[in-house]
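Novice: PDB, C-alpha atoms, saved as data-v9.pdb, coming up:
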ATOM      1  CA  MET A   1      94.559 113.109  88.214
ATOM      2  CA  ALA A   2      95.063 116.276  90.216
ATOM      3  CA  ASN A   3      92.222 118.703  90.764
ATOM      4  CA  LEU A   4      91.789 121.306  88.057
ATOM      5  CA  GLN A   5      92.096 124.898  89.299
ATOM      6  CA  PHE A   6      90.256 127.804  87.691
ATOM      7  CA  SER A   7      90.451 131.501  88.511
ATOM      8  CA  VAL A   8      88.930 134.638  87.008
ATOM      9  CA  SER A   9      89.260 138.298  87.899
ATOM     10  CA  GLY A  10      87.275 141.430  87.213
ATOM     11  CA  VAL A  11      87.554 145.154  87.838
ATOM     12  CA  SER A  12      84.380 147.104  88.500
ATOM     13  CA  ARG A  13      83.668 149.772  85.878
ATOM     14  CA  SER A  14      80.446 151.009  87.472
ATOM     15  CA  HIS A  15      77.649 149.958  89.824
ATOM     16  CA  SER A  16      76.517 147.493  87.131
ATOM     17  CA  GLU A  17      79.461 146.723  84.853
ATOM     18  CA  ILE A  18      82.544 144.644  85.520
ATOM     19  CA  ALA A  19      85.422 144.089  83.093
ATOM     20  CA  MET A  20      86.357 140.421  83.317
ATOM     21  CA  SER A  21      89.692 138.876  82.513
ATOM     22  CA  VAL A  22      89.916 135.108  82.073
ATOM     23  CA  ARG A  23      93.156 133.600  80.707
ATOM     24  CA  GLY A  24      93.552 136.570  78.368
ATOM     25  CA  PHE A  25      89.898 136.644  77.313
ATOM     26  CA  GLU A  26      88.300 139.992  78.131
ATOM     27  CA  PHE A  27      84.555 140.586  78.319
ATOM     28  CA  ALA A  28      82.003 142.774  80.052
ATOM     29  CA  ILE A  29      79.217 141.728  82.392
ATOM     30  CA  ASP A  30      76.533 144.354  82.880
ATOM     31  CA  GLU A  31      72.824 144.743  83.554
ATOM     32  CA  PRO A  32      70.364 145.800  80.856
ATOM     33  CA  ALA A  33      68.930 149.307  81.113
ATOM     34  CA  GLU A  34      65.643 148.052  82.546
ATOM     35  CA  LEU A  35      67.590 146.551  85.460
ATOM     36  CA  GLY A  36      69.528 149.756  86.041
ATOM     37  CA  GLY A  37      72.632 148.987  84.002
ATOM     38  CA  THR A  38      74.351 150.168  80.847
ATOM     39  CA  ASN A  39      73.964 146.941  78.835
ATOM     40  CA  ALA A  40      77.645 146.493  77.973
ATOM     41  CA  GLY A  41      77.189 142.709  78.023
ATOM     42  CA  PRO A  42      74.992 139.878  79.242
ATOM     43  CA  ASN A  43      74.147 140.025  82.922
ATOM     44  CA  PRO A  44      75.443 137.705  85.655
ATOM     45  CA  VAL A  45      72.502 135.312  85.686
ATOM     46  CA  GLU A  46      72.555 135.040  81.893
ATOM     47  CA  PHE A  47      76.174 133.893  82.207
ATOM     48  CA  VAL A  48      75.057 131.201  84.648
ATOM     49  CA  LEU A  49      72.558 129.898  82.086
ATOM     50  CA  SER A  50      75.185 130.148  79.333
ATOM     51  CA  ALA A  51      77.709 128.216  81.404
ATOM     52  CA  LEU A  52      75.217 125.366  81.708
ATOM     53  CA  ALA A  53      74.636 125.381  77.933
ATOM     54  CA  GLY A  54      78.377 125.269  77.282
ATOM     55  CA  CYS A  55      78.916 122.475  79.766
ATOM     56  CA  ILE A  56      76.115 120.335  78.354
ATOM     57  CA  ASN A  57      77.563 120.781  74.852
ATOM     58  CA  VAL A  58      80.890 119.373  76.020
ATOM     59  CA  VAL A  59      79.507 116.485  78.063
ATOM     60  CA  VAL A  60      76.869 115.426  75.520
ATOM     61  CA  HIS A  61      79.592 115.106  72.890
ATOM     62  CA  LEU A  62      81.861 113.261  75.324
ATOM     63  CA  VAL A  63      79.194 110.748  76.338
ATOM     64  CA  ALA A  64      77.999 110.290  72.740
ATOM     65  CA  LYS A  65      81.550 109.556  71.626
ATOM     66  CA  GLU A  66      81.985 106.960  74.386
ATOM     67  CA  ARG A  67      78.820 105.234  73.146
ATOM     68  CA  GLY A  68      79.671 105.507  69.445
ATOM     69  CA  VAL A  69      76.726 107.820  68.804
ATOM     70  CA  GLN A  70      77.019 110.429  66.061
ATOM     71  CA  ILE A  71      75.869 113.972  66.861
ATOM     72  CA  ASP A  72      75.193 116.027  63.724
ATOM     73  CA  GLY A  73      73.936 119.133  65.450
ATOM     74  CA  LEU A  74      72.967 120.458  68.850
ATOM     75  CA  ARG A  75      71.108 123.530  69.977
ATOM     76  CA  VAL A  76      70.775 124.234  73.690
ATOM     77  CA  THR A  77      68.330 126.713  75.192
ATOM     78  CA  VAL A  78      68.477 127.452  78.918
ATOM     79  CA  SER A  79      65.886 129.468  80.812
ATOM     80  CA  GLY A  80      65.115 130.460  84.354
ATOM     81  CA  ALA A  81      62.998 132.831  86.401
ATOM     82  CA  LEU A  82      63.838 134.604  89.629
ATOM     83  CA  ASP A  83      62.005 136.827  92.061
ATOM     84  CA  PRO A  84      63.967 140.102  92.434
ATOM     85  CA  ARG A  85      62.658 141.005  95.897
ATOM     86  CA  ARG A  86      65.461 139.547  98.020
ATOM     87  CA  PHE A  87      68.046 140.958  95.595
ATOM     88  CA  MET A  88      66.423 144.390  95.999
ATOM     89  CA  GLY A  89      66.497 144.086  99.786
ATOM     90  CA  ASP A  90      62.902 143.025 100.444
ATOM     91  CA  PRO A  91      63.169 140.012 102.779
ATOM     92  CA  SER A  92      59.619 138.869 101.960
ATOM     93  CA  GLY A  93      60.789 137.309  98.700
ATOM     94  CA  PRO A  94      61.802 133.677  98.191
ATOM     95  CA  ARG A  95      65.422 132.786  97.434
ATOM     96  CA  PRO A  96      67.156 135.476  95.355
ATOM     97  CA  GLY A  97      68.420 133.148  92.625
ATOM     98  CA  PHE A  98      66.741 131.129  89.918
ATOM     99  CA  LEU A  99      63.862 129.096  91.337
ATOM    100  CA  SER A 100      64.769 126.414  88.813
ATOM    101  CA  VAL A 101      66.694 126.173  85.568
ATOM    102  CA  GLU A 102      65.280 124.480  82.479
ATOM    103  CA  LEU A 103      67.462 123.242  79.640
ATOM    104  CA  VAL A 104      66.060 122.156  76.289
ATOM    105  CA  ALA A 105      68.383 120.249  73.956
ATOM    106  CA  GLU A 106      67.653 119.795  70.264
ATOM    107  CA  VAL A 107      69.942 116.950  69.256
ATOM    108  CA  ASP A 108      70.289 116.074  65.582
ATOM    109  CA  SER A 109      71.474 112.476  65.524
ATOM    110  CA  PRO A 110      70.716 109.207  63.717
ATOM    111  CA  ALA A 111      70.380 107.579  67.162
ATOM    112  CA  SER A 112      67.000 106.811  68.692
ATOM    113  CA  ASP A 113      65.208 109.238  70.985
ATOM    114  CA  GLU A 114      65.713 106.749  73.805
ATOM    115  CA  GLU A 115      69.470 106.702  73.240
ATOM    116  CA  ILE A 116      69.572 110.503  73.173
ATOM    117  CA  ASP A 117      67.513 110.735  76.347
ATOM    118  CA  GLU A 118      69.961 108.391  78.051
ATOM    119  CA  ILE A 119      72.932 110.438  76.839
ATOM    120  CA  LEU A 120      71.300 113.620  78.152
ATOM    121  CA  ALA A 121      70.659 112.084  81.568
ATOM    122  CA  ILE A 122      74.246 110.844  81.843
ATOM    123  CA  ALA A 123      75.550 114.198  80.610
ATOM    124  CA  GLU A 124      73.592 116.018  83.289
ATOM    125  CA  SER A 125      75.015 113.763  86.003
ATOM    126  CA  ARG A 126      78.593 114.395  84.844
ATOM    127  CA  CYS A 127      78.319 118.101  84.011
ATOM    128  CA  PRO A 128      80.227 120.242  86.526
ATOM    129  CA  VAL A 129      77.931 123.241  86.054
ATOM    130  CA  ALA A 130      74.742 121.191  86.506
ATOM    131  CA  ASP A 131      76.280 119.774  89.679
ATOM    132  CA  ASN A 132      77.173 123.195  91.085
ATOM    133  CA  LEU A 133      73.605 124.353  90.494
ATOM    134  CA  GLY A 134      71.807 121.163  91.498
ATOM    135  CA  ALA A 135      73.744 120.494  94.702
ATOM    136  CA  THR A 136      74.976 122.858  97.373
ATOM    137  CA  THR A 137      78.396 124.429  96.814
ATOM    138  CA  PRO A 138      80.179 126.290  99.603
ATOM    139  CA  VAL A 139      80.742 129.912  98.568
ATOM    140  CA  LEU A 140      83.472 131.572 100.624
ATOM    141  CA  LEU A 141      83.630 135.337 100.369
ATOM    142  CA  ARG A 142      86.306 137.469 101.969
ATOM    143  CA  ARG A 143      87.770 140.944 101.791
ATOM    144  CA  ALA A 144      91.431 141.434 100.949
ATOM    145  CA  ALA A 145      93.620 144.473 101.436
ATOM    146  CA  VAL A 146      93.242 146.926  98.596
ATOM    147  CA  ASP A 147      95.901 147.293  95.947
ATOM    148  CA  ARG A 148      94.792 150.703  94.657
ATOM    149  CA  ALA A 149      96.479 150.258  91.289
ATOM    150  CA  SER A 150      94.435 147.118  90.724
ATOM    151  CA  VAL A 151      90.960 148.308  91.685
ATOM    152  CA  GLU A 152      90.499 151.705  90.022
ATOM    153  CA  ALA A 153      88.162 151.564  87.052
TER
ATOM    154  CA  MET B   1      56.918 142.628  91.185
ATOM    155  CA  ALA B   2      56.653 139.818  88.670
ATOM    156  CA  ASN B   3      59.393 137.220  88.344
ATOM    157  CA  LEU B   4      62.179 138.130  85.964
ATOM    158  CA  GLN B   5      62.617 135.677  83.087
ATOM    159  CA  PHE B   6      65.972 135.007  81.435
ATOM    160  CA  SER B   7      66.771 132.810  78.451
ATOM    161  CA  VAL B   8      69.909 132.091  76.456
ATOM    162  CA  SER B   9      70.568 129.887  73.451
ATOM    163  CA  GLY B  10      73.608 128.320  71.854
ATOM    164  CA  VAL B  11      74.465 126.297  68.782
ATOM    165  CA  SER B  12      77.212 123.710  69.051
ATOM    166  CA  ARG B  13      80.181 124.415  66.791
ATOM    167  CA  SER B  14      82.176 121.355  67.830
ATOM    168  CA  HIS B  15      82.586 118.828  70.645
ATOM    169  CA  SER B  16      83.969 121.674  72.781
ATOM    170  CA  GLU B  17      82.729 124.995  71.382
ATOM    171  CA  ILE B  18      79.281 126.516  71.510
ATOM    172  CA  ALA B  19      78.251 129.829  69.938
ATOM    173  CA  MET B  20      76.043 131.599  72.474
ATOM    174  CA  SER B  21      73.411 134.193  71.749
ATOM    175  CA  VAL B  22      72.047 136.285  74.629
ATOM    176  CA  ARG B  23      69.800 139.275  73.821
ATOM    177  CA  GLY B  24      71.921 140.033  70.757
ATOM    178  CA  PHE B  25      75.256 139.486  72.516
ATOM    179  CA  GLU B  26      77.280 136.761  70.803
ATOM    180  CA  PHE B  27      80.181 134.930  72.412
ATOM    181  CA  ALA B  28      81.968 131.598  72.332
ATOM    182  CA  ILE B  29      82.375 129.100  75.140
ATOM    183  CA  ASP B  30      85.102 126.537  74.559
ATOM    184  CA  GLU B  31      87.648 124.413  76.381
ATOM    185  CA  PRO B  32      91.355 125.223  76.391
ATOM    186  CA  ALA B  33      93.622 122.937  74.359
ATOM    187  CA  GLU B  34      94.817 121.084  77.463
ATOM    188  CA  LEU B  35      91.194 120.085  78.139
ATOM    189  CA  GLY B  36      90.639 118.952  74.556
ATOM    190  CA  GLY B  37      89.157 122.129  73.110
ATOM    191  CA  THR B  38      90.037 124.819  70.621
ATOM    192  CA  ASN B  39      90.208 127.740  73.096
ATOM    193  CA  ALA B  40      87.766 130.029  71.290
ATOM    194  CA  GLY B  41      86.639 131.456  74.643
ATOM    195  CA  PRO B  42      86.546 130.878  78.389
ATOM    196  CA  ASN B  43      85.224 127.495  79.399
ATOM    197  CA  PRO B  44      81.892 126.759  81.085
ATOM    198  CA  VAL B  45      83.162 126.664  84.642
ATOM    199  CA  GLU B  46      85.101 129.910  84.155
ATOM    200  CA  PHE B  47      81.798 131.516  83.160
ATOM    201  CA  VAL B  48      80.275 130.283  86.423
ATOM    202  CA  LEU B  49      83.045 132.008  88.383
ATOM    203  CA  SER B  50      82.682 135.133  86.230
ATOM    204  CA  ALA B  51      78.937 135.232  86.806
ATOM    205  CA  LEU B  52      79.558 135.289  90.554
ATOM    206  CA  ALA B  53      82.065 138.146  90.167
ATOM    207  CA  GLY B  54      79.577 140.146  88.093
ATOM    208  CA  CYS B  55      76.761 139.539  90.550
ATOM    209  CA  ILE B  56      78.819 140.567  93.561
ATOM    210  CA  ASN B  57      79.831 143.784  91.766
ATOM    211  CA  VAL B  58      76.170 144.685  91.301
ATOM    212  CA  VAL B  59      75.000 143.757  94.788
ATOM    213  CA  VAL B  60      77.953 145.311  96.629
ATOM    214  CA  HIS B  61      77.252 148.623  94.917
ATOM    215  CA  LEU B  62      73.530 148.307  95.622
ATOM    216  CA  VAL B  63      74.015 147.571  99.330
ATOM    217  CA  ALA B  64      76.700 150.256  99.699
ATOM    218  CA  LYS B  65      74.378 152.835  98.144
ATOM    219  CA  GLU B  66      71.573 151.870 100.529
ATOM    220  CA  ARG B  67      73.951 152.438 103.436
ATOM    221  CA  GLY B  68      75.441 155.662 102.081
ATOM    222  CA  VAL B  69      78.863 154.070 101.680
ATOM    223  CA  GLN B  70      81.122 155.289  98.902
ATOM    224  CA  ILE B  71      82.896 152.661  96.774
ATOM    225  CA  ASP B  72      85.892 154.050  94.886
ATOM    226  CA  GLY B  73      87.071 150.812  93.353
ATOM    227  CA  LEU B  74      86.424 147.081  93.434
ATOM    228  CA  ARG B  75      88.357 144.107  92.150
ATOM    229  CA  VAL B  76      86.834 140.656  92.439
ATOM    230  CA  THR B  77      88.784 137.425  92.026
ATOM    231  CA  VAL B  78      86.912 134.112  92.027
ATOM    232  CA  SER B  79      88.564 130.706  92.141
ATOM    233  CA  GLY B  80      87.573 127.087  92.407
ATOM    234  CA  ALA B  81      88.922 123.580  92.008
ATOM    235  CA  LEU B  82      87.207 120.494  90.697
ATOM    236  CA  ASP B  83      88.090 116.851  90.342
ATOM    237  CA  PRO B  84      87.648 115.841  86.670
ATOM    238  CA  ARG B  85      87.079 112.130  87.283
ATOM    239  CA  ARG B  86      83.255 112.092  87.325
ATOM    240  CA  PHE B  87      83.203 114.429  84.318
ATOM    241  CA  MET B  88      85.483 111.983  82.464
ATOM    242  CA  GLY B  89      83.251 109.037  83.375
ATOM    243  CA  ASP B  90      85.163 107.630  86.333
ATOM    244  CA  PRO B  91      82.563 107.134  89.080
ATOM    245  CA  SER B  92      85.216 106.967  91.801
ATOM    246  CA  GLY B  93      85.541 110.747  91.828
ATOM    247  CA  PRO B  94      83.697 113.127  94.147
ATOM    248  CA  ARG B  95      81.073 115.504  92.752
ATOM    249  CA  PRO B  96      81.929 116.677  89.225
ATOM    250  CA  GLY B  97      81.602 120.401  89.939
ATOM    251  CA  PHE B  98      83.576 122.865  91.996
ATOM    252  CA  LEU B  99      84.181 121.507  95.494
ATOM    253  CA  SER B 100      83.873 125.086  96.713
ATOM    254  CA  VAL B 101      84.123 128.566  95.268
ATOM    255  CA  GLU B 102      86.220 131.295  96.848
ATOM    256  CA  LEU B 103      85.680 134.976  96.150
ATOM    257  CA  VAL B 104      88.149 137.669  97.195
ATOM    258  CA  ALA B 105      86.981 141.284  97.050
ATOM    259  CA  GLU B 106      89.370 144.221  97.149
ATOM    260  CA  VAL B 107      87.152 147.152  98.036
ATOM    261  CA  ASP B 108      88.561 150.659  97.888
ATOM    262  CA  SER B 109      86.350 152.746 100.155
ATOM    263  CA  PRO B 110      86.655 155.332 102.907
ATOM    264  CA  ALA B 111      84.408 153.116 105.046
ATOM    265  CA  SER B 112      85.813 150.935 107.811
ATOM    266  CA  ASP B 113      86.817 147.321 107.230
ATOM    267  CA  GLU B 114      83.956 146.299 109.525
ATOM    268  CA  GLU B 115      81.446 148.204 107.384
ATOM    269  CA  ILE B 116      82.838 146.636 104.211
ATOM    270  CA  ASP B 117      82.721 143.160 105.743
ATOM    271  CA  GLU B 118      79.086 143.716 106.624
ATOM    272  CA  ILE B 119      78.302 144.931 103.102
ATOM    273  CA  LEU B 120      80.008 141.853 101.651
ATOM    274  CA  ALA B 121      78.035 139.501 103.871
ATOM    275  CA  ILE B 122      74.736 141.162 102.971
ATOM    276  CA  ALA B 123      75.698 141.195  99.294
ATOM    277  CA  GLU B 124      76.382 137.475  99.365
ATOM    278  CA  SER B 125      72.987 136.782 100.944
ATOM    279  CA  ARG B 126      71.175 138.804  98.257
ATOM    280  CA  CYS B 127      73.238 137.757  95.218
ATOM    281  CA  PRO B 128      71.250 135.490  92.879
ATOM    282  CA  VAL B 129      74.353 133.693  91.609
ATOM    283  CA  ALA B 130      75.710 133.012  95.107
ATOM    284  CA  ASP B 131      72.288 131.628  96.009
ATOM    285  CA  ASN B 132      72.145 129.311  92.986
ATOM    286  CA  LEU B 133      75.572 127.958  93.890
ATOM    287  CA  GLY B 134      75.155 127.852  97.652
ATOM    288  CA  ALA B 135      71.712 126.252  97.744
ATOM    289  CA  THR B 136      70.210 123.497  95.618
ATOM    290  CA  THR B 137      68.562 124.571  92.366
ATOM    291  CA  PRO B 138      66.405 122.137  90.386
ATOM    292  CA  VAL B 139      67.928 121.611  86.925
ATOM    293  CA  LEU B 140      65.381 120.246  84.465
ATOM    294  CA  LEU B 141      66.824 118.863  81.258
ATOM    295  CA  ARG B 142      64.756 117.646  78.335
ATOM    296  CA  ARG B 143      65.075 116.825  74.660
ATOM    297  CA  ALA B 144      62.971 118.696  72.116
ATOM    298  CA  ALA B 145      62.201 117.805  68.524
ATOM    299  CA  VAL B 146      64.992 118.891  66.203
ATOM    300  CA  ASP B 147      64.591 121.897  63.971
ATOM    301  CA  ARG B 148      67.409 121.038  61.537
ATOM    302  CA  ALA B 149      67.839 124.633  60.381
ATOM    303  CA  SER B 150      68.489 125.684  63.966
ATOM    304  CA  VAL B 151      70.990 123.056  65.066
ATOM    305  CA  GLU B 152      73.522 122.752  62.254
ATOM    306  CA  ALA B 153      76.834 124.346  63.082
TER
END
What would the structure in this file look like if it were written as structure tokens?
Specialist:
Amino acid sequence: MANLQFSVSGVSRSHSEIAMSVRGFEFAIDEPAELGGTNAGPNPVEFVLSALAGCINVVVHLVAKERGVQIDGLRVTVSGALDPRRFMGDPSGPRPGFLSVELVAEVDSPASDEEIDEILAIAESRCPVADNLGATTPVLLRRAAVDRASVEA
Amino acid sequence: MANLQFSVSGVSRSHSEIAMSVRGFEFAIDEPAELGGTNAGPNPVEFVLSALAGCINVVVHLVAKERGVQIDGLRVTVSGALDPRRFMGDPSGPRPGFLSVELVAEVDSPASDEEIDEILAIAESRCPVADNLGATTPVLLRRAAVDRASVEA
């Protein structure tokens, strides 16, 4: 199977808000007021945590289906903490991103806890988002010539 | 400054869709039909790319302000490709996540290209999302006891 390609695009609305466009879905990313934003939507790092929750939902159901395990309900909570110093420009801080990410899955299933634990471990190993967080991913950033019609907020 | 804590939660609606709740913001994550979903929202890996776009918007503006550089407009496009084999359970594939992530920034500014390139490089080094992708982040996954009222779709 060929690689799957994904692409998203956003236009800055302010120093904190960006209007995202993803296959026709439109949504705002912003910072809350206490982080200097206008709170038009969840912030970037909350979308990282949400992406992991969404990915685990998909892969848990996929792995459970392969094993003939019924899933009657699933709640996923994802949390993380980061030190804002490097982000704010203070080089004395540790890494700018989440120091770690913790995911808690409440899985309602007739299967045993052991079976569910095994499904969760397999799901983590096959989840694209968990992989991009847990292992290094090259991030290539470059400037392109400006198309003024496309960048004005 | 104390660490900043972030937490999000979602309830599975189906094998592909999860209803996310983030500080009162509600949104769906789903897979498109061609990936077996019901297309109620962007998919998990598109939210990863979007998170990077949102983070770069914030940090570019922050760094530009520190340097007295005016930003008149910014469009951010983020792309990535992944091989779905490991995700689908075929161990012959490479890593399940994005092999790399590419970000293109169109920055409308009176500043020189060299100044903008420098701002972009600094922004990348201070962006929490770029850090969580570019360096390894421990992902801790565990099962919790089910609260039936909280997990039913």
Novice: Applying the PyMOL selection byres ((chain B and resi 117-133) around 7) to the file I just gave you, which residues come out? Please list them as a list in words.
Specialist: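 Checking the PyMOL selection byres ((chain B and resi 117-133) around 7) against this file, the residues are Val45, Arg86, Phe87, Pro96, Gly97, Phe98, Asn132, Leu133, Thr136, Thr137, Val139 and Arg143 of chain A; Ala51, Leu52, Cys55, Ile56, Val59, Val60, Val63, Ala64, Asp113, Glu114, Glu115, Ile116, Gly134, Ala135, Thr136 and Thr137 of chain B.
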Novice: Could you check how far CA of Ser109 (chain A) sits from CA of Glu46 (chain B), in Å to one decimal?
Specialist: 28.9 Å
Novice: Which one is closest to Gly89 (chain A): B:Ile71, B:Val101, B:Leu62, B:Val107? Count all atoms listed in the file.
Specialist: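 Going through B:Ile71, B:Val101, B:Leu62, B:Val107 one by one, the smallest distance to Gly89 (chain A) is for B:Leu62.
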Novice: Given the file above and the PyMOL selection byres ((chain B and resi 18) around 6), which residues are selected, and can you give them as a list in words?
Specialist: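 Selected by the PyMOL selection byres ((chain B and resi 18) around 6) in this file: Gly54 of chain A; Gly10, Val11, Ser12, Arg13, Glu17, Ala19, Ala28 and Ile29 of chain B.
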Novice: How would the residues just chosen look if you wrote them out with C-alpha atoms as a short mmCIF file (atom, residue, chain, number, x, y, z; two decimals), in the coordinates of the input?
Specialist:
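And here's out26.cif as it stands now:
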data_model
loop_
_atom_site.label_atom_id
_atom_site.label_comp_id
_atom_site.auth_asym_id
_atom_site.auth_seq_id
_atom_site.Cartn_x
_atom_site.Cartn_y
_atom_site.Cartn_z
CA GLY A 54 78.38 125.27 77.28
CA GLY B 10 73.61 128.32 71.85
CA VAL B 11 74.46 126.30 68.78
CA SER B 12 77.21 123.71 69.05
CA ARG B 13 80.18 124.42 66.79
CA GLU B 17 82.73 125.00 71.38
CA ALA B 19 78.25 129.83 69.94
CA ALA B 28 81.97 131.60 72.33
CA ILE B 29 82.38 129.10 75.14
#
Novice: Tell me which protein, DNA and RNA residues are within 12 Å of Ser79 (chain A), counting only C-alpha atoms, leaving out same-chain ones fewer than 2 positions away, and put them as a ChimeraX atom specification.
Specialist: /A:45-53,76-77,81-82,98-105 /B:4-10,22,139-141
Novice: Go through B:His15, B:Arg148, B:Arg95, B:Arg85 one by one, measure the shortest atom-to-atom distance of each to His61 (chain A) using only C-alpha atoms, and give the residue with the smallest value.
Specialist: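 Result for the nearest residue to His61 (chain A): B:His15.
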Novice: Name the residues in contact with Glu34 (chain B) at a cut-off of 12 Å, using only C-alpha atoms, excluding same-chain residues fewer than 4 positions from it; report them as a list in words.
Specialist: Leu4 of chain A; Ser16, Asp30, Thr38, Asn39 and Asn43 of chain B
Novice: Counting only C-alpha atoms, figure out which residue out of A:Pro32, A:Ser21, A:Pro91, A:Asn3 gets nearest to chain B.
Specialist: A:Asn3
Novice: Go ahead and compute the interatomic distance for CA of Phe25 (chain A) and CA of Leu35 (chain B), in Å to one decimal.
Specialist: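 Pair CA of Phe25 (chain A) / CA of Leu35 (chain B) returns 16.6 Å.
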Novice: From the options A:Glu66, A:Ala111, A:Arg75, A:Ser92, which residue's atoms come nearest to chain B, counting all atoms listed in the file?
Specialist: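 Once distances to chain B are computed over all atoms listed in the file, the minimum belongs to A:Arg75.
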Novice: So how far away is CA of Gln70 (chain B) from CA of Val58 (chain B), in Å?
Specialist: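 Computed distance, CA of Val58 (chain B) to CA of Gln70 (chain B), equals 14.0 Å.
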Novice: Residues within 8 Å of Glu106 (chain B), please, as a ChimeraX atom specification. Count all atoms listed in the file; anything in the same chain fewer than 4 positions from it doesn't count.
Specialist: /A:143-147,151 /B:73-76
Novice: A:Pro42, A:Gly37, A:Gly68, A:Gly80: which is nearest Arg23 (chain B), counting only C-alpha atoms?
Specialist: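 Counting only C-alpha atoms, the residue closest to Arg23 (chain B) is A:Pro42.
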Novice: From the set B:Met88, B:Val78, B:Val69, B:Ala149, which residue has the shortest atom-to-atom contact distance to Gly36 (chain B), counting only C-alpha atoms?
Specialist: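 Between B:Met88, B:Val78, B:Val69, B:Ala149, the residue approaching Gly36 (chain B) most closely is B:Met88.
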Novice: Taking all atoms of region 28-42 of chain A that appear in the file, build a box with edges along x, y and z, extend it by 5 Å on every side, and state its centre and edge lengths in Å to one decimal, as AutoDock Vina command-line options.
Specialist:
--center_x 73.8 --center_y 145.0 --center_z 82.0 --size_x 26.4 --size_y 20.3 --size_z 18.1
Novice: Would you mind completing region 83-96 of chain A to N, CA, C and O atoms and writing the output as a JSON list (two decimals), in the frame of the given file?
Specialist:
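What follows is the written file out.json:
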[["chain", "number", "residue", "atom", "x", "y", "z"],
["A", 83, "ASP", "N", 62.78, 135.76, 91.40],
["A", 83, "ASP", "CA", 62.00, 136.83, 92.06],
["A", 83, "ASP", "C", 63.00, 137.87, 92.56],
["A", 83, "ASP", "O", 63.88, 137.54, 93.36],
["A", 84, "PRO", "N", 62.93, 139.12, 92.10],
["A", 84, "PRO", "CA", 63.97, 140.10, 92.43],
["A", 84, "PRO", "C", 63.85, 140.71, 93.83],
["A", 84, "PRO", "O", 64.67, 141.55, 94.19],
["A", 85, "ARG", "N", 62.86, 140.30, 94.63],
["A", 85, "ARG", "CA", 62.66, 141.00, 95.90],
["A", 85, "ARG", "C", 63.84, 140.89, 96.86],
["A", 85, "ARG", "O", 64.29, 141.90, 97.42],
["A", 86, "ARG", "N", 64.34, 139.70, 97.07],
["A", 86, "ARG", "CA", 65.46, 139.55, 98.02],
["A", 86, "ARG", "C", 66.69, 140.31, 97.52],
["A", 86, "ARG", "O", 67.38, 140.98, 98.29],
["A", 87, "PHE", "N", 66.96, 140.20, 96.22],
["A", 87, "PHE", "CA", 68.05, 140.96, 95.60],
["A", 87, "PHE", "C", 67.90, 142.45, 95.89],
["A", 87, "PHE", "O", 68.88, 143.13, 96.23],
["A", 88, "MET", "N", 66.67, 142.96, 95.80],
["A", 88, "MET", "CA", 66.42, 144.39, 96.00],
["A", 88, "MET", "C", 66.37, 144.76, 97.47],
["A", 88, "MET", "O", 66.23, 145.94, 97.81],
["A", 89, "GLY", "N", 66.45, 143.79, 98.37],
["A", 89, "GLY", "CA", 66.50, 144.09, 99.79],
["A", 89, "GLY", "C", 65.19, 143.87, 100.51],
["A", 89, "GLY", "O", 65.08, 144.19, 101.70],
["A", 90, "ASP", "N", 64.20, 143.32, 99.82],
["A", 90, "ASP", "CA", 62.90, 143.02, 100.44],
["A", 90, "ASP", "C", 62.93, 141.58, 100.94],
["A", 90, "ASP", "O", 62.89, 140.64, 100.15],
["A", 91, "PRO", "N", 63.00, 141.37, 102.26],
["A", 91, "PRO", "CA", 63.17, 140.01, 102.78],
["A", 91, "PRO", "C", 61.94, 139.13, 102.61],
["A", 91, "PRO", "O", 61.98, 137.94, 102.91],
["A", 92, "SER", "N", 60.83, 139.69, 102.12],
["A", 92, "SER", "CA", 59.62, 138.87, 101.96],
["A", 92, "SER", "C", 59.70, 137.96, 100.75],
["A", 92, "SER", "O", 58.85, 137.08, 100.57],
["A", 93, "GLY", "N", 60.69, 138.15, 99.89],
["A", 93, "GLY", "CA", 60.79, 137.31, 98.70],
["A", 93, "GLY", "C", 61.31, 135.92, 99.01],
["A", 93, "GLY", "O", 61.83, 135.66, 100.10],
["A", 94, "PRO", "N", 61.17, 135.00, 98.05],
["A", 94, "PRO", "CA", 61.80, 133.68, 98.19],
["A", 94, "PRO", "C", 63.30, 133.81, 97.94],
["A", 94, "PRO", "O", 63.84, 134.92, 97.90],
["A", 95, "ARG", "N", 63.99, 132.75, 97.74],
["A", 95, "ARG", "CA", 65.42, 132.79, 97.43],
["A", 95, "ARG", "C", 65.71, 133.82, 96.34],
["A", 95, "ARG", "O", 64.90, 134.02, 95.44],
["A", 96, "PRO", "N", 66.88, 134.45, 96.37],
["A", 96, "PRO", "CA", 67.16, 135.48, 95.36],
["A", 96, "PRO", "C", 67.49, 134.92, 93.97],
["A", 96, "PRO", "O", 67.36, 135.63, 92.98]]
